[in-house]
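What follows is a single structure, written as structure tokens, with notes after it.
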Amino acid sequence: MSGDRLVAVGPLYDPQGDKMLGGVINTYSALAFAETTFGLLRSERRLGSVENLNRRSTANRDAINDWVSRSPVLRLSVTEPERRGAAVTLLEVVDPALESSGLHARIIARSKQLLGYEGITHPDGNHEPGLDVARYVNAFPGTPGDYRAWIGGVRAPDDIIALLDNLQYAYLRAKAAVIEEEMAKLGECFPQPSSTVEHGRKGNAGRAYTVLIADLIGLRNGPDGTPDHSELRAHVEARGGVFHLGPLCREAVEPGRVHFSYQPDLSTAAEILQQTDKGQYDAVIAAATAIPEGAVFSEGGVRIGAGTGNMQ
């Protein structure tokens, strides 16, 4: 750390000096160092050497350049090709039709609601659910652009293109929604088309599904001094699921419902395989816990915070 004054300043990007201001860019911790090292080693096993990762990053950057060259609204914020990074890209919207409307910031904000899980509410009260495809897309303070995207070599090119497609769709959809809001102020209303998308539960409604949660969800301590999972339990139960502390017996669970087994203390491969090697759970939710190859989840799984290298 370089001192309180510099810490208070940043880290922020100074476009005039083309440098970062502030004494702290990353906070050191032994845990962060260990997880980063683990992530690098895991990436090496999956994708090869650092040189290969760099080549993949460069290929992703080239794919973005090509995609943006054909986009009607998205442009690269860094105009000089030689200054574009291969780890992060900054994108901005160029929409001449609305250039002087004063609606730009509102449309971008609505688009991020659509990209995340919040969604948007139309003037007639109809709520459009979020896509939940991208959450951490804000540009760094002081840097140009409307969106930021991580494009490093650990990401497959198809994922990069899918992200760009979603950014463009969310902007255009948000643009329509904001124009609706402006028209509503003038007394004009537009009927919402009936949705053909089903948002309810998928699968066999009469079957019991089981989900293993293998990491902490809710890090704030409760009255007993341990991490409080009460919000998770309430969320599950409000949607008709059943929350279980500890392992569950598949044969004994109530049919027709989704059962969540909360076991954040599972860590070793042996502990996990003891409960998962025969497909005892249909799906898994995990963060940094490594799921051994022999674990069987017929319906797949979800990684929490899958943007870092140790969560592949």
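Simple scheme: letters A, B, ... for chains in structure tokens order, numbers from 1 for residues in each chain, numbers from 1 for ligands in the order shown.
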
What's the 7 Å shell around Leu273 (chain A), counting only C-alpha atoms, without same-chain residues fewer than 4 positions away, as a count of residues only? 4

Residues within 9 Å of Ile213 (chain A), only C-alpha atoms, excluding chain neighbours under 4 positions, as a ChimeraX atom specification: /A:217,260-264,283-286

Dump as a short mmCIF file (atom, residue, chain, number, x, y, z; two decimals), in the first residue's frame, selection limited to C-alpha atoms:
data_model
loop_
_atom_site.label_atom_id
_atom_site.label_comp_id
_atom_site.auth_asym_id
_atom_site.auth_seq_id
_atom_site.Cartn_x
_atom_site.Cartn_y
_atom_site.Cartn_z
CA ILE A 217 -24.25 -19.24 -0.10
CA PHE A 260 -31.79 -28.85 -2.20
CA SER A 261 -29.17 -30.48 0.02
CA TYR A 262 -27.02 -27.75 1.58
CA GLN A 263 -23.56 -29.13 2.42
CA PRO A 264 -21.03 -26.27 2.18
CA ALA A 283 -27.56 -31.54 -10.20
CA VAL A 284 -24.91 -29.59 -8.31
CA ILE A 285 -24.35 -25.94 -7.38
CA ALA A 286 -20.76 -25.09 -6.45
#

Neighbour list for region 172-187 of chain A as a ChimeraX atom specification, cut-off 9 Å, only C-alpha atoms, skip fewer than 5 positions in-chain: /A:73,103-104,106-114,120-124,167

Grab the CA of Gly119 (chain A) to CA of Pro227 (chain A) distance for me, in Å with one decimal place. 28.9 Å

In Å, rounded to a single decimal, give me how far CA of Arg56 (chain A) is from CA of Val133 (chain A). 22.1 Å

Can you tell me, as a PyMOL selection string, which residues in region 137-281 of chain A count as strand (DSSP E) by DSSP? chain A and resi 147-150+209-213+242-245+258-262+281

With only C-alpha atoms as the atoms that count, which of A:Gly152, A:Glu231, A:Thr210, A:Pro129 lies nearest to Val50 (chain A)?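 When distances to Val50 (chain A) are compared using only C-alpha atoms, the smallest one comes from A:Gly152.
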